[in-house]
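Novice: One structure coming up, written as structure tokens, with questions to follow.
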Amino acid sequence: MNIPDDVLYTREHLWVKKGDVAICGITDYAQNELGDVIFVELPEVGKKVRQGDKIGEVESIKTVSYLYAPLSGEVVEVNGELDAKPELINQSPYREGWICKIQPENEEEFKNLMNKEEYEAFLKTQ
Amino acid sequence: MRKLVRVLVDPPLSGYENMSRDEALLEMGFSGALPTLRFFEWEKKTLSVGRFQKTTEIDFDYLKNENIPLVRRPTGGRAILHDREVTFSLFIPASSFKSHTFYYEELQKVLTRMMEKMGINIDEKTESGIYTSSPYCFSINVSHEIMVGGRKIIGVAQARGEKGNLFQASFILEANREEIASCFVEKEKVSGELENSLLTLGEVLSPLPEKREIYRLLLESLEEERGVGATVGSWKAEELEKAKELLSTKYYPGSSYHRKR
């Protein structure tokens, strides 16, 4: 299982990469547990979200799973390629399969996220 | 302490009310609450489609002429014409993120035992995806389906939220295959698929048991297979309030939600 050390993680199995804007997606662990993703409902660009809000949904085999915002802020870009190729989430969860970019409004919220070691420990409880 | 499931038995309701109530279970899932098994019925024949299923596959003129409402489920999967069937939903509060197959496997064990109690043996192995492009639930087979002689007899789909997992299941007692196929644009194709894919309980068991008897067998199987006892419960006021809100904002008749794709 791939758990990069250059991103942070939520308890809902999203990863977040810090930068001018925060890029987020589904972790390798989660994509594996989901199975083959066949549809992704992305958040709307411009939408203001709070950390923990429902921002989208993915459907894998007969199963719909909700996605929760890793940070508060504005959604500034979504990965439109997932409309035609939802399988990118399975094939490349940390690169081509990214979900959206959020302009964070509160840097303090990054403290609520886990680093690689903390996420590894969290997965042991799952 | 003995594990328990709260059992709700609802009267026949519209598809819109039924889906609102199921989503309310998924949204409300109180911390530390019991799992909920909800038996429900449809006040009229209704076609349900999966959460992200395209409705371009549906023959809306036929539905209108036959006065069959269409409702979108909160769970995944493909369409089901709900008529003479046993329908139930199961909400399992969960704090961990299990594999998509985890609860399907557990549910399969319980349903297999229930079928055995009726004298019906379930296929040990199921072939995945014989008609992968079909718009109809019972023509699609994935792992952990409940199948007899290569045909699907119970359809199950899942939604998982922050507070747990919701399953919706449909156990067809009797069906009119021509009528099912008529609900879709590609009638002949679906009709052909149905001959090989759908099995109703009435085709393998006669006389058909009463619905209440099937409820009882399911609860008995849950107890034997998972050690979970049943306690007849009632809706919490907050859950019904949530269902009412979902009905008025999302699931109401004519809502664009049902035809959004």
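In the structure tokens, the first chain shown is A, the next is B, and so on; residue numbers restart at 1 for each chain, and ligands run from 1 in the order shown.
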Would you kindly report the residues of chain B within 6 Å of chain A, using only C-alpha atoms, as JSON, numbers by chain?
Specialist: {"B": [75, 76, 77, 96, 99, 100, 157, 158, 159, 160, 161]}
Novice: Step one, run DSSP on the backbone; step two, keep only residues of segment 6-243 of chain B assigned to alpha helix (DSSP H); then write them as an mmCIF file with N, CA and C atoms, in the first residue's frame.
Specialist:
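Produced file selection_23.cif, reproduced below:
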data_model
loop_
_atom_site.group_PDB
_atom_site.id
_atom_site.type_symbol
_atom_site.label_atom_id
_atom_site.label_comp_id
_atom_site.auth_asym_id
_atom_site.auth_seq_id
_atom_site.Cartn_x
_atom_site.Cartn_y
_atom_site.Cartn_z
ATOM 1 N N GLY B 15 -42.672 5.413 -2.928
ATOM 2 C CA GLY B 15 -41.229 5.260 -3.125
ATOM 3 C C GLY B 15 -40.472 6.461 -2.592
ATOM 4 N N TYR B 16 -41.077 7.636 -2.734
ATOM 5 C CA TYR B 16 -40.412 8.869 -2.277
ATOM 6 C C TYR B 16 -40.234 8.844 -0.749
ATOM 7 N N GLU B 17 -41.297 8.411 -0.061
ATOM 8 C CA GLU B 17 -41.216 8.335 1.404
ATOM 9 C C GLU B 17 -40.246 7.238 1.838
ATOM 10 N N ASN B 18 -40.299 6.118 1.114
ATOM 11 C CA ASN B 18 -39.405 5.014 1.486
ATOM 12 C C ASN B 18 -37.932 5.399 1.370
ATOM 13 N N MET B 19 -37.580 6.072 0.282
ATOM 14 C CA MET B 19 -36.163 6.457 0.111
ATOM 15 C C MET B 19 -35.773 7.547 1.106
ATOM 16 N N SER B 20 -36.712 8.446 1.420
ATOM 17 C CA SER B 20 -36.439 9.487 2.420
ATOM 18 C C SER B 20 -36.147 8.849 3.772
ATOM 19 N N ARG B 21 -36.937 7.836 4.111
ATOM 20 C CA ARG B 21 -36.738 7.171 5.406
ATOM 21 C C ARG B 21 -35.408 6.421 5.457
ATOM 22 N N ASP B 22 -35.058 5.775 4.353
ATOM 23 C CA ASP B 22 -33.776 5.057 4.351
ATOM 24 C C ASP B 22 -32.601 6.030 4.441
ATOM 25 N N GLU B 23 -32.694 7.130 3.699
ATOM 26 C CA GLU B 23 -31.569 8.072 3.769
ATOM 27 C C GLU B 23 -31.500 8.720 5.154
ATOM 28 N N ALA B 24 -32.656 8.888 5.788
ATOM 29 C CA ALA B 24 -32.646 9.443 7.148
ATOM 30 C C ALA B 24 -31.880 8.512 8.090
ATOM 31 N N LEU B 25 -32.051 7.209 7.903
ATOM 32 C CA LEU B 25 -31.301 6.252 8.734
ATOM 33 C C LEU B 25 -29.802 6.438 8.525
ATOM 34 N N LEU B 26 -29.411 6.619 7.275
ATOM 35 C CA LEU B 26 -27.988 6.784 6.937
ATOM 36 C C LEU B 26 -27.427 8.094 7.487
ATOM 37 N N GLU B 27 -28.224 9.141 7.415
ATOM 38 C CA GLU B 27 -27.752 10.464 7.845
ATOM 39 C C GLU B 27 -27.727 10.613 9.361
ATOM 40 N N MET B 28 -28.712 10.001 10.025
ATOM 41 C CA MET B 28 -28.876 10.261 11.457
ATOM 42 C C MET B 28 -27.998 9.386 12.337
ATOM 43 N N PHE B 60 -39.677 6.538 -20.178
ATOM 44 C CA PHE B 60 -40.568 7.355 -19.352
ATOM 45 C C PHE B 60 -42.004 7.368 -19.867
ATOM 46 N N ASP B 61 -42.185 7.204 -21.176
ATOM 47 C CA ASP B 61 -43.555 7.160 -21.705
ATOM 48 C C ASP B 61 -44.287 5.942 -21.144
ATOM 49 N N TYR B 62 -43.578 4.824 -21.103
ATOM 50 C CA TYR B 62 -44.199 3.608 -20.566
ATOM 51 C C TYR B 62 -44.563 3.817 -19.089
ATOM 52 N N LEU B 63 -43.632 4.369 -18.329
ATOM 53 C CA LEU B 63 -43.895 4.582 -16.896
ATOM 54 C C LEU B 63 -45.107 5.492 -16.713
ATOM 55 N N LYS B 64 -45.185 6.540 -17.546
ATOM 56 C CA LYS B 64 -46.301 7.488 -17.422
ATOM 57 C C LYS B 64 -47.626 6.800 -17.764
ATOM 58 N N ASN B 65 -47.621 6.053 -18.865
ATOM 59 C CA ASN B 65 -48.856 5.370 -19.275
ATOM 60 C C ASN B 65 -49.330 4.354 -18.244
ATOM 61 N N PHE B 102 -16.943 -6.277 2.660
ATOM 62 C CA PHE B 102 -16.990 -6.807 4.021
ATOM 63 C C PHE B 102 -18.420 -7.119 4.473
ATOM 64 N N TYR B 103 -19.297 -6.101 4.391
ATOM 65 C CA TYR B 103 -20.661 -6.317 4.861
ATOM 66 C C TYR B 103 -21.478 -7.160 3.889
ATOM 67 N N TYR B 104 -21.126 -7.070 2.586
ATOM 68 C CA TYR B 104 -21.812 -7.941 1.619
ATOM 69 C C TYR B 104 -21.584 -9.400 1.990
ATOM 70 N N GLU B 105 -20.344 -9.708 2.378
ATOM 71 C CA GLU B 105 -20.031 -11.088 2.749
ATOM 72 C C GLU B 105 -20.842 -11.521 3.958
ATOM 73 N N GLU B 106 -20.924 -10.614 4.953
ATOM 74 C CA GLU B 106 -21.661 -10.934 6.170
ATOM 75 C C GLU B 106 -23.146 -11.110 5.869
ATOM 76 N N LEU B 107 -23.675 -10.204 5.045
ATOM 77 C CA LEU B 107 -25.091 -10.265 4.691
ATOM 78 C C LEU B 107 -25.388 -11.519 3.865
ATOM 79 N N GLN B 108 -24.439 -11.869 3.005
ATOM 80 C CA GLN B 108 -24.623 -13.061 2.176
ATOM 81 C C GLN B 108 -24.785 -14.310 3.047
ATOM 82 N N LYS B 109 -24.002 -14.380 4.130
ATOM 83 C CA LYS B 109 -24.105 -15.544 5.018
ATOM 84 C C LYS B 109 -25.490 -15.632 5.641
ATOM 85 N N VAL B 110 -26.007 -14.469 6.070
ATOM 86 C CA VAL B 110 -27.323 -14.445 6.718
ATOM 87 C C VAL B 110 -28.416 -14.813 5.709
ATOM 88 N N LEU B 111 -28.333 -14.234 4.520
ATOM 89 C CA LEU B 111 -29.369 -14.493 3.512
ATOM 90 C C LEU B 111 -29.303 -15.932 3.006
ATOM 91 N N THR B 112 -28.083 -16.470 2.942
ATOM 92 C CA THR B 112 -27.931 -17.869 2.531
ATOM 93 C C THR B 112 -28.629 -18.786 3.532
ATOM 94 N N ARG B 113 -28.437 -18.474 4.811
ATOM 95 C CA ARG B 113 -29.093 -19.298 5.836
ATOM 96 C C ARG B 113 -30.619 -19.170 5.741
ATOM 97 N N MET B 114 -31.090 -17.951 5.492
ATOM 98 C CA MET B 114 -32.536 -17.742 5.361
ATOM 99 C C MET B 114 -33.091 -18.587 4.205
ATOM 100 N N MET B 115 -32.355 -18.608 3.100
ATOM 101 C CA MET B 115 -32.824 -19.377 1.950
ATOM 102 C C MET B 115 -32.809 -20.871 2.265
ATOM 103 N N GLU B 116 -31.789 -21.295 2.989
ATOM 104 C CA GLU B 116 -31.710 -22.719 3.357
ATOM 105 C C GLU B 116 -32.902 -23.124 4.203
ATOM 106 N N LYS B 117 -33.357 -22.204 5.042
ATOM 107 C CA LYS B 117 -34.521 -22.487 5.884
ATOM 108 C C LYS B 117 -35.783 -22.683 5.043
ATOM 109 N N ARG B 177 -41.850 -10.565 -16.364
ATOM 110 C CA ARG B 177 -40.625 -10.165 -17.065
ATOM 111 C C ARG B 177 -40.895 -9.186 -18.204
ATOM 112 N N GLU B 178 -42.017 -9.385 -18.870
ATOM 113 C CA GLU B 178 -42.338 -8.488 -19.996
ATOM 114 C C GLU B 178 -42.556 -7.070 -19.475
ATOM 115 N N GLU B 179 -43.219 -6.984 -18.341
ATOM 116 C CA GLU B 179 -43.482 -5.672 -17.753
ATOM 117 C C GLU B 179 -42.165 -5.016 -17.305
ATOM 118 N N ILE B 180 -41.280 -5.809 -16.719
ATOM 119 C CA ILE B 180 -39.978 -5.261 -16.293
ATOM 120 C C ILE B 180 -39.230 -4.715 -17.506
ATOM 121 N N ALA B 181 -39.150 -5.529 -18.555
ATOM 122 C CA ALA B 181 -38.404 -5.115 -19.760
ATOM 123 C C ALA B 181 -39.018 -3.858 -20.377
ATOM 124 N N SER B 182 -40.327 -3.713 -20.256
ATOM 125 C CA SER B 182 -41.028 -2.559 -20.846
ATOM 126 C C SER B 182 -40.619 -1.231 -20.207
ATOM 127 N N LYS B 187 -35.951 -2.728 -24.725
ATOM 128 C CA LYS B 187 -36.838 -3.753 -24.166
ATOM 129 C C LYS B 187 -36.424 -5.182 -24.541
ATOM 130 N N GLU B 188 -36.139 -5.386 -25.812
ATOM 131 C CA GLU B 188 -35.825 -6.754 -26.258
ATOM 132 C C GLU B 188 -34.534 -7.267 -25.621
ATOM 133 N N LYS B 189 -33.584 -6.367 -25.521
ATOM 134 C CA LYS B 189 -32.294 -6.757 -24.932
ATOM 135 C C LYS B 189 -32.494 -7.147 -23.465
ATOM 136 N N VAL B 190 -33.208 -6.289 -22.725
ATOM 137 C CA VAL B 190 -33.429 -6.577 -21.297
ATOM 138 C C VAL B 190 -34.260 -7.843 -21.143
ATOM 139 N N SER B 191 -35.268 -7.997 -22.008
ATOM 140 C CA SER B 191 -36.125 -9.175 -21.943
ATOM 141 C C SER B 191 -35.300 -10.455 -22.108
ATOM 142 N N GLY B 192 -34.388 -10.433 -23.061
ATOM 143 C CA GLY B 192 -33.525 -11.597 -23.290
ATOM 144 C C GLY B 192 -32.640 -11.889 -22.087
ATOM 145 N N GLU B 193 -32.119 -10.831 -21.486
ATOM 146 C CA GLU B 193 -31.256 -10.997 -20.319
ATOM 147 C C GLU B 193 -32.023 -11.617 -19.144
ATOM 148 N N LEU B 194 -33.258 -11.157 -18.990
ATOM 149 C CA LEU B 194 -34.043 -11.584 -17.827
ATOM 150 C C LEU B 194 -34.284 -13.089 -17.799
ATOM 151 N N GLU B 195 -34.409 -13.680 -18.983
ATOM 152 C CA GLU B 195 -34.651 -15.123 -19.038
ATOM 153 C C GLU B 195 -33.519 -15.892 -18.364
ATOM 154 N N ASN B 196 -32.314 -15.331 -18.462
ATOM 155 C CA ASN B 196 -31.141 -16.039 -17.915
ATOM 156 C C ASN B 196 -30.672 -15.513 -16.574
ATOM 157 N N SER B 197 -31.208 -14.384 -16.139
ATOM 158 C CA SER B 197 -30.594 -13.748 -14.969
ATOM 159 C C SER B 197 -31.490 -13.640 -13.741
ATOM 160 N N LYS B 211 -45.264 -12.732 3.730
ATOM 161 C CA LYS B 211 -44.126 -11.832 3.942
ATOM 162 C C LYS B 211 -43.645 -11.879 5.387
ATOM 163 N N ARG B 212 -44.588 -11.936 6.310
ATOM 164 C CA ARG B 212 -44.207 -11.953 7.741
ATOM 165 C C ARG B 212 -43.371 -13.179 8.077
ATOM 166 N N GLU B 213 -43.659 -14.276 7.386
ATOM 167 C CA GLU B 213 -42.888 -15.495 7.615
ATOM 168 C C GLU B 213 -41.451 -15.302 7.109
ATOM 169 N N ILE B 214 -41.314 -14.608 5.997
ATOM 170 C CA ILE B 214 -39.961 -14.338 5.473
ATOM 171 C C ILE B 214 -39.223 -13.394 6.425
ATOM 172 N N TYR B 215 -39.932 -12.404 6.972
ATOM 173 C CA TYR B 215 -39.303 -11.509 7.957
ATOM 174 C C TYR B 215 -38.770 -12.348 9.129
ATOM 175 N N ARG B 216 -39.618 -13.270 9.588
ATOM 176 C CA ARG B 216 -39.249 -14.088 10.747
ATOM 177 C C ARG B 216 -38.019 -14.941 10.438
ATOM 178 N N LEU B 217 -37.987 -15.518 9.258
ATOM 179 C CA LEU B 217 -36.842 -16.361 8.878
ATOM 180 C C LEU B 217 -35.557 -15.545 8.771
ATOM 181 N N LEU B 218 -35.689 -14.319 8.296
ATOM 182 C CA LEU B 218 -34.494 -13.460 8.190
ATOM 183 C C LEU B 218 -33.957 -13.132 9.587
ATOM 184 N N LEU B 219 -34.853 -12.797 10.491
ATOM 185 C CA LEU B 219 -34.420 -12.464 11.856
ATOM 186 C C LEU B 219 -33.804 -13.686 12.551
ATOM 187 N N GLU B 220 -34.410 -14.832 12.327
ATOM 188 C CA GLU B 220 -33.896 -16.071 12.908
ATOM 189 C C GLU B 220 -32.491 -16.350 12.365
ATOM 190 N N SER B 221 -32.310 -16.110 11.080
ATOM 191 C CA SER B 221 -31.001 -16.354 10.438
ATOM 192 C C SER B 221 -29.951 -15.374 10.958
ATOM 193 N N LEU B 222 -30.359 -14.152 11.200
ATOM 194 C CA LEU B 222 -29.455 -13.137 11.746
ATOM 195 C C LEU B 222 -28.969 -13.569 13.135
ATOM 196 N N GLU B 223 -29.878 -14.091 13.907
ATOM 197 C CA GLU B 223 -29.544 -14.559 15.254
ATOM 198 C C GLU B 223 -28.577 -15.744 15.174
ATOM 199 N N GLU B 224 -28.881 -16.697 14.324
ATOM 200 C CA GLU B 224 -28.069 -17.916 14.254
ATOM 201 C C GLU B 224 -26.703 -17.659 13.620
ATOM 202 N N GLU B 225 -26.678 -16.832 12.602
ATOM 203 C CA GLU B 225 -25.439 -16.618 11.853
ATOM 204 C C GLU B 225 -24.528 -15.599 12.515
ATOM 205 N N ARG B 226 -25.110 -14.553 13.080
ATOM 206 C CA ARG B 226 -24.315 -13.442 13.618
ATOM 207 C C ARG B 226 -24.505 -13.235 15.119
ATOM 208 N N ALA B 237 -38.153 10.454 16.885
ATOM 209 C CA ALA B 237 -38.758 11.678 16.334
ATOM 210 C C ALA B 237 -37.776 12.400 15.410
ATOM 211 N N GLU B 238 -36.491 12.423 15.783
ATOM 212 C CA GLU B 238 -35.487 13.123 14.968
ATOM 213 C C GLU B 238 -35.307 12.449 13.603
ATOM 214 N N GLU B 239 -35.424 11.130 13.597
ATOM 215 C CA GLU B 239 -35.284 10.406 12.330
ATOM 216 C C GLU B 239 -36.445 10.725 11.398
ATOM 217 N N LEU B 240 -37.647 10.730 11.960
ATOM 218 C CA LEU B 240 -38.820 11.039 11.127
ATOM 219 C C LEU B 240 -38.777 12.483 10.642
ATOM 220 N N GLU B 241 -38.244 13.360 11.491
ATOM 221 C CA GLU B 241 -38.121 14.770 11.096
ATOM 222 C C GLU B 241 -37.132 14.893 9.932
ATOM 223 N N LYS B 242 -36.045 14.142 10.014
ATOM 224 C CA LYS B 242 -35.050 14.153 8.933
ATOM 225 C C LYS B 242 -35.660 13.593 7.649
ATOM 226 N N ALA B 243 -36.430 12.509 7.785
ATOM 227 C CA ALA B 243 -37.066 11.913 6.602
ATOM 228 C C ALA B 243 -38.030 12.916 5.964
#
Novice: With distances taken over only C-alpha atoms, which of B:Leu198, B:Met118, B:Val185, B:Ala33 is nearest to Ile153 of chain B?
Specialist: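 The answer is B:Leu198, which sits nearest to Ile153 of chain B.
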Novice: What's around Val75 of chain A at 12 Å? Count only C-alpha atoms, leave out sequence neighbours fewer than 3 positions away in its own chain, and write the answer as an mmCIF file with C-alpha atoms, in the first residue's frame.
Specialist:
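And here's part.cif as it stands now:
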data_model
loop_
_atom_site.group_PDB
_atom_site.id
_atom_site.type_symbol
_atom_site.label_atom_id
_atom_site.label_comp_id
_atom_site.auth_asym_id
_atom_site.auth_seq_id
_atom_site.Cartn_x
_atom_site.Cartn_y
_atom_site.Cartn_z
ATOM 1 C CA VAL A 21 -3.961 25.728 -2.838
ATOM 2 C CA ALA A 22 -4.565 22.378 -1.162
ATOM 3 C CA ILE A 23 -4.951 19.434 -3.538
ATOM 4 C CA CYS A 24 -6.945 16.487 -2.248
ATOM 5 C CA LEU A 42 -17.385 16.241 -7.796
ATOM 6 C CA PRO A 43 -18.056 19.409 -5.794
ATOM 7 C CA GLU A 44 -18.940 22.595 -7.669
ATOM 8 C CA VAL A 45 -16.136 25.043 -8.338
ATOM 9 C CA GLY A 46 -16.673 28.131 -6.190
ATOM 10 C CA LYS A 47 -18.447 26.176 -3.470
ATOM 11 C CA LYS A 48 -17.538 27.195 0.089
ATOM 12 C CA VAL A 49 -17.064 24.171 2.298
ATOM 13 C CA ARG A 50 -16.409 23.549 5.974
ATOM 14 C CA GLN A 51 -13.996 20.876 7.170
ATOM 15 C CA ILE A 55 -18.416 17.419 -0.842
ATOM 16 C CA GLY A 56 -18.989 14.549 -3.223
ATOM 17 C CA ALA A 69 -14.021 18.072 2.909
ATOM 18 C CA PRO A 70 -10.555 17.800 4.469
ATOM 19 C CA LEU A 71 -10.385 21.567 5.030
ATOM 20 C CA SER A 72 -12.602 24.641 5.122
ATOM 21 C CA VAL A 78 -12.006 19.960 -9.730
ATOM 22 C CA ASN A 79 -10.542 17.108 -11.734
ATOM 23 C CA ILE A 99 -10.410 15.081 -6.714
ATOM 24 C CA CYS A 100 -10.327 18.839 -6.136
ATOM 25 C CA LYS A 101 -8.294 21.869 -5.090
ATOM 26 C CA ILE A 102 -9.361 23.939 -2.105
ATOM 27 C CA GLN A 103 -8.218 27.454 -1.187
ATOM 28 C CA PRO A 104 -7.879 26.964 2.583
ATOM 29 C CA GLU A 105 -9.346 29.660 4.806
#
Novice: Pick the closest to Val148 of chain B from B:Glu43, B:Glu174, B:Glu124, B:Glu66: which is it, counting only C-alpha atoms?
Specialist: B:Glu124
Novice: Using only C-alpha atoms, determine which residues lie at most 7 Å from Val156 of chain B, disregarding the query and same-chain residues fewer than 6 positions distant; provide the list as a PDB file with C-alpha atoms, in the first residue's frame.
Specialist:
ATOM      1  CA  PHE B 167     -28.034  -1.644   2.584  1.00  0.00           C
ATOM      2  CA  GLN B 168     -31.207  -1.908   0.559  1.00  0.00           C
ATOM      3  CA  ALA B 169     -32.389  -5.342  -0.495  1.00  0.00           C
ATOM      4  CA  SER B 170     -35.101  -6.582  -2.786  1.00  0.00           C
TER       5      SER B 170
END
Novice: I'd like the neighbourhood of Ala230 of chain B as a list in words, where a residue qualifies if any of its atoms comes within 7 Å (using only C-alpha atoms), though same-chain residues fewer than 5 positions away should be ignored.
Specialist: Leu4, Val5, Arg6, Val7 and Leu219 of chain B
Novice: Limited to C-alpha atoms, could you put the picked residues into a file as an mmCIF file, in the first residue's frame?
Specialist:
data_model
loop_
_atom_site.group_PDB
_atom_site.id
_atom_site.type_symbol
_atom_site.label_atom_id
_atom_site.label_comp_id
_atom_site.auth_asym_id
_atom_site.auth_seq_id
_atom_site.Cartn_x
_atom_site.Cartn_y
_atom_site.Cartn_z
ATOM 1 C CA LEU B 4 -29.305 -6.526 19.116
ATOM 2 C CA VAL B 5 -30.832 -5.048 15.982
ATOM 3 C CA ARG B 6 -33.728 -2.600 16.102
ATOM 4 C CA VAL B 7 -36.513 -3.846 13.834
ATOM 5 C CA LEU B 219 -34.420 -12.464 11.856
#
Novice: Mind pulling up the distance from atom CA of Ala175 of chain B to atom CA of Phe138 of chain B?
Specialist: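 Atom-to-atom, atom CA of Phe138 of chain B to atom CA of Ala175 of chain B, that is 11.7 Å.
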Novice: Quick one: DSSP strand (DSSP E) residues in segment 83-236 of chain B, as a ChimeraX atom specification?
Specialist: /B:85-93,146-148,151-161,164-172,228-232
Novice: Which residues are close to Leu14 of chain A, i.e. within 6 Å by only C-alpha atoms, leaving aside same-chain residues fewer than 6 positions away? Reply as an NGL selection string.
Specialist: :A and (25-27)
Novice: So what do you get for atom CA of Lys54 of chain B versus atom CA of Lys250 of chain B, distance-wise?
Specialist: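 These atoms are spaced 17.6 Å apart.
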Novice: Give me, please, the distance in Å between atom CA of Val49 of chain B and atom CA of Val204 of chain B, quoted to one decimal.
Specialist: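 Between these atoms lies a distance of 26.6 Å.
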Novice: For Lys3 of chain B, work out the shell of residues within 8 Å, counting only C-alpha atoms and skipping chain neighbours fewer than 4 positions away, then give it as a ChimeraX atom specification.
Specialist: /B:227-229
Novice: Next, the residues of the selection above should be written as a tab-separated table (two decimals), in the first residue's frame with C-alpha atoms.
Specialist:
chain	number	residue	atom	x	y	z
B	227	GLY	CA	-25.65	-13.86	17.17
B	228	VAL	CA	-27.77	-10.75	16.76
B	229	GLY	CA	-31.15	-10.71	18.44
